[in-house]
Every structure is written in C-alpha cells, then in structure tokens.
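A.B. asks: Hey, dropping run.cif in here, mmCIF, C-alpha atoms:
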```cif
data_target
#
loop_
_atom_site.label_atom_id
_atom_site.label_comp_id
_atom_site.auth_asym_id
_atom_site.auth_seq_id
_atom_site.Cartn_x
_atom_site.Cartn_y
_atom_site.Cartn_z
CA MET A 800 9.46 -42.52 63.19
CA GLN A 801 7.17 -42.53 66.21
CA VAL A 802 5.73 -39.19 67.30
CA LEU A 803 5.92 -38.64 71.05
CA VAL A 804 3.17 -36.53 72.57
CA LEU A 805 4.46 -34.95 75.77
CA PRO A 806 2.06 -33.98 78.56
CA GLU A 807 1.42 -30.37 79.55
CA ASN A 808 4.05 -28.81 81.83
CA LYS A 809 1.41 -28.03 84.45
CA ASP A 810 0.66 -31.78 84.77
CA ILE A 811 4.29 -32.72 85.49
CA ASN A 812 6.08 -32.71 88.81
CA TYR A 813 9.40 -31.67 87.29
CA ILE A 814 11.57 -31.93 90.41
CA LYS A 815 10.51 -35.52 91.12
CA THR A 816 10.89 -36.35 87.44
CA VAL A 817 14.48 -35.07 87.55
CA HIS A 818 15.13 -37.35 90.55
CA GLU A 819 13.77 -40.30 88.57
CA VAL A 820 15.98 -39.41 85.57
CA LYS A 821 19.02 -39.25 87.87
CA ARG A 822 18.07 -42.65 89.25
CA PHE A 823 17.68 -43.97 85.69
CA PHE A 824 21.21 -42.89 84.77
CA THR A 825 22.61 -44.32 88.03
CA ASP A 826 20.93 -47.64 87.24
CA PHE A 827 22.14 -47.46 83.62
CA GLN A 828 25.74 -47.08 84.79
CA ARG A 829 25.35 -49.89 87.34
CA PHE A 830 23.86 -52.22 84.70
CA ARG A 831 26.75 -51.39 82.36
CA VAL A 832 29.25 -52.50 85.00
CA ILE A 833 27.31 -55.71 85.74
CA ALA A 834 27.17 -56.39 82.00
CA GLY A 835 30.96 -56.12 81.77
CA LEU A 836 31.15 -52.69 80.13
CA SER A 837 32.75 -49.47 81.31
CA GLN A 838 30.60 -47.40 83.64
CA LYS A 839 30.44 -44.42 81.27
CA PRO A 840 29.21 -44.99 77.74
CA CYS A 841 31.28 -43.69 74.84
CA LEU A 842 29.88 -41.58 72.04
CA THR A 843 30.61 -42.23 68.38
CA MET A 844 31.76 -39.41 66.10
CA ASN A 845 28.16 -38.67 65.07
CA GLY A 846 26.98 -38.31 68.71
CA PHE A 847 25.31 -41.68 69.21
CA LEU A 848 26.07 -44.04 72.07
CA GLU A 849 28.35 -46.82 70.90
CA GLU A 850 26.80 -50.22 70.30
CA CYS A 851 27.34 -52.61 73.19
CA GLN A 852 30.10 -55.16 72.62
CA PHE A 853 29.73 -57.75 75.35
CA GLY A 854 32.53 -60.15 76.19
CA SER A 855 32.24 -63.64 77.59
CA VAL A 856 30.58 -64.29 80.93
CA ALA A 857 33.72 -65.88 82.42
CA PHE A 858 34.30 -63.08 84.92
CA ALA A 859 30.97 -63.87 86.57
CA ALA A 860 32.41 -64.40 90.03
CA ARG A 861 30.23 -61.71 91.62
CA HIS A 862 27.02 -62.13 89.61
CA ASN A 863 25.23 -65.14 88.26
CA LYS A 864 24.69 -65.55 84.54
CA GLU A 865 20.97 -64.69 84.66
CA VAL A 866 21.68 -61.33 86.29
CA ILE A 867 24.37 -60.58 83.71
CA ALA A 868 22.09 -61.55 80.83
CA GLU A 869 19.33 -59.33 82.23
CA ALA A 870 21.74 -56.42 82.71
CA ARG A 871 23.01 -56.80 79.14
CA TRP A 872 19.46 -56.80 77.79
CA LEU A 873 18.61 -53.66 79.78
CA VAL A 874 21.79 -51.88 78.69
CA GLN A 875 21.05 -52.72 75.07
CA LYS A 876 17.44 -51.47 75.32
CA TYR A 877 18.41 -48.30 77.20
CA THR A 878 21.13 -47.59 74.63
CA GLU A 879 18.63 -48.00 71.79
CA LYS A 880 16.16 -45.63 73.46
CA LEU A 881 18.83 -43.00 74.14
CA ASN A 882 20.07 -43.24 70.55
CA GLN A 883 16.54 -42.58 69.27
CA MET A 884 16.43 -39.24 71.07
CA ASP A 885 17.42 -35.94 69.50
CA GLY A 886 21.21 -35.53 69.46
CA LEU A 887 21.14 -32.28 71.42
CA TYR A 888 18.92 -33.79 74.11
CA ARG A 889 21.17 -36.86 74.34
CA LYS A 890 24.30 -34.70 74.64
CA ILE A 891 22.80 -32.54 77.40
CA LEU A 892 21.48 -35.50 79.39
CA LEU A 893 24.71 -37.49 79.18
CA GLU A 894 26.90 -34.56 80.14
CA CYS A 895 24.59 -33.58 82.97
CA TYR A 896 23.79 -36.96 84.51
CA ILE A 897 26.73 -39.19 83.54
CA GLU A 898 29.63 -36.75 83.24
CA ARG A 899 28.12 -34.74 86.12
CA LYS A 900 28.97 -31.39 84.54
CA GLN A 901 27.37 -28.21 85.79
CA ASP A 902 24.77 -26.54 83.56
CA VAL A 903 27.05 -23.56 82.94
CA ALA A 904 29.88 -25.82 81.73
CA ILE A 905 27.55 -27.64 79.33
CA MET A 906 26.03 -24.38 78.15
CA MET A 907 29.48 -22.99 77.28
CA ASP A 908 29.89 -25.77 74.69
CA LEU A 909 26.52 -24.96 73.13
CA PRO A 910 25.40 -21.80 71.35
CA TYR A 911 22.53 -21.08 73.74
CA GLU A 912 21.90 -18.58 76.50
CA ILE A 913 21.00 -19.77 79.98
CA ALA A 914 17.19 -19.45 79.69
CA GLN A 915 17.08 -21.24 76.34
CA PHE A 916 19.45 -23.94 77.61
CA LYS A 917 17.25 -24.53 80.67
CA ARG A 918 14.17 -24.91 78.44
CA ILE A 919 15.98 -27.40 76.19
CA LYS A 920 17.23 -29.37 79.20
CA LYS A 921 13.73 -29.47 80.67
CA ARG A 922 12.32 -30.78 77.38
CA ALA A 923 15.09 -33.41 77.24
CA VAL A 924 14.35 -34.59 80.79
CA ILE A 925 10.61 -34.76 80.12
CA GLU A 926 11.10 -36.61 76.83
CA LEU A 927 13.42 -39.22 78.38
CA ALA A 928 11.09 -39.66 81.35
CA SER A 929 8.14 -40.13 78.98
CA ILE A 930 10.00 -42.68 76.85
CA MET A 931 11.17 -44.67 79.89
CA GLY A 932 7.85 -44.42 81.72
CA ILE A 933 9.33 -42.62 84.73
CA LEU A 934 7.49 -39.31 84.31
CA VAL A 935 6.03 -38.11 87.61
CA ARG A 936 2.71 -36.32 87.35
CA LYS A 937 1.17 -33.98 89.91
#
```
Take the structure I supplied and represent it as structure tokens, if you would.
C.D. replies:
Amino acid sequence: MQVLVLPENKDINYIKTVHEVKRFFTDFQRFRVIAGLSQKPCLTMNGFLEECQFGSVAFAARHNKEVIAEARWLVQKYTEKLNQMDGLYRKILLECYIERKQDVAIMMDLPYEIAQFKRIKKRAVIELASIMGILVRK
C-alpha cells in the first residue's frame, strides 16, 4: 500500500481545490456517459465503486471510437483511484459531489458531529485532489 503524504493545510487553497474536485466529478460523470455507462456510478455492498462493464461500441453515432476508448480508459482509471481511497472518504465524496446531497443530510447517515464531519470531508477532498494531481496551492 502506498503512503500518501498530504501537504500542510496552510499551503492549500481549499476553496479552489474544492472547485477542481467538483470539476473532476463532473468530468467523471461525462466520461461515464461517453463510455456507455450510467452517469452515476453504483456502489457494491462493501462500498466500492462497481467495476466497469463496457458494452460494444455500436452506439457510437455521436462519438468516434477513439474518444469512446479514451473515455473508457479514463473511467476505469478514475474508478480504480476512487476505490483505493478510504471507504468513508469515498462515501462522503460520492454523496456530496455525485448525489449532490447537502452536508447535513450526509452527516445524518454518519455518526459524526458537524465539526468532525467537516474535518473528514476536508481531508477527503485534499486526498482526492492530491491523488488526481488537481490540488491547488497558495
């Protein structure tokens, strides 16, 4: 298992990093549609994103085969990276940025108070941004 060293909080522009994470999830959903999958990924019983099952490329009326192949590769890599994250982080990020739930609604499903939830969410955002190379520094 690879150890991820996160930068100091004072070195991170958190608000811009959140914007980049939102953009990442928007792109992820768009790539899923181009690849022929549903827009929202499904979770397995143990909390992981389901493995991508791609169909044939026959529906390729709107996109050429190279674009579809690229989108499938990206979806597969993004899914692998998300599945490597901590389960709690993955759950919070997916519910926040894909399901578009409010923080309070997500927090109600978890046994954490608001301040602790916000700290966990911040760590999840920073970890994903670090893994994907979209972390914005000051």
A.B. asks: Tell me which of A:Gly886, A:Gly854, A:Gly932, A:Gly846 sits closest to Ile833 of chain A, counting all atoms listed in the file.
C.D. replies: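 Nearest candidate to Ile833 of chain A out of A:Gly886, A:Gly854, A:Gly932, A:Gly846: A:Gly854.
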A.B. asks: List the residues matched by the PyMOL selection byres ((chain A and resi 919-928) around 7) in the displayed structure as a PDB file with C-alpha atoms, in the frame of the given file, ordered by chain and then by residue number.
C.D. replies:
```pdb
ATOM      1  CA  LEU A 805       4.460 -34.950  75.770  1.00  0.00           C
ATOM      2  CA  THR A 816      10.890 -36.350  87.440  1.00  0.00           C
ATOM      3  CA  VAL A 817      14.480 -35.070  87.550  1.00  0.00           C
ATOM      4  CA  VAL A 820      15.980 -39.410  85.570  1.00  0.00           C
ATOM      5  CA  TYR A 888      18.920 -33.790  74.110  1.00  0.00           C
ATOM      6  CA  ILE A 891      22.800 -32.540  77.400  1.00  0.00           C
ATOM      7  CA  GLN A 915      17.080 -21.240  76.340  1.00  0.00           C
ATOM      8  CA  PHE A 916      19.450 -23.940  77.610  1.00  0.00           C
ATOM      9  CA  LYS A 917      17.250 -24.530  80.670  1.00  0.00           C
ATOM     10  CA  ARG A 918      14.170 -24.910  78.440  1.00  0.00           C
ATOM     11  CA  SER A 929       8.140 -40.130  78.980  1.00  0.00           C
ATOM     12  CA  ILE A 930      10.000 -42.680  76.850  1.00  0.00           C
ATOM     13  CA  MET A 931      11.170 -44.670  79.890  1.00  0.00           C
ATOM     14  CA  GLY A 932       7.850 -44.420  81.720  1.00  0.00           C
ATOM     15  CA  ILE A 933       9.330 -42.620  84.730  1.00  0.00           C
ATOM     16  CA  LEU A 934       7.490 -39.310  84.310  1.00  0.00           C
TER      17      LEU A 934
END
```
A.B. asks: The PyMOL selection byres ((chain A and resi 827) around 12) - which residues does that actually catch in the file I just gave you? List them as an NGL selection string.
C.D. replies: :A and (820-826 or 828-834 or 836-840 or 870-878 or 880-881 or 893 or 896-897 or 931)
A.B. asks: Show me as a list in words the residues that reach within 8 Å of (6.8, -32.4, 86.2), counting all atoms listed in the file and using the file's own coordinates.
C.D. replies: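 Returned residue set, sorted by chain then number, is Asn808, Lys809, Asp810, Ile811, Asn812, Tyr813, Ile814, Lys815, Thr816, Ile925, Leu934, Val935, Arg936 and Lys937 of chain A.
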A.B. asks: Distance atom CA of Gly835 of chain A-atom CA of Phe853 of chain A, one decimal place?
C.D. replies: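 Rounded to one decimal, the two atoms are 6.7 Å apart.
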A.B. asks: Using all atoms listed in the file, which residue out of A:Glu819, A:Glu869, A:Lys864, A:Met884 lies closest to Leu848 of chain A?
C.D. replies: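 Using all atoms listed in the file, Leu848 of chain A sits closest to A:Met884.
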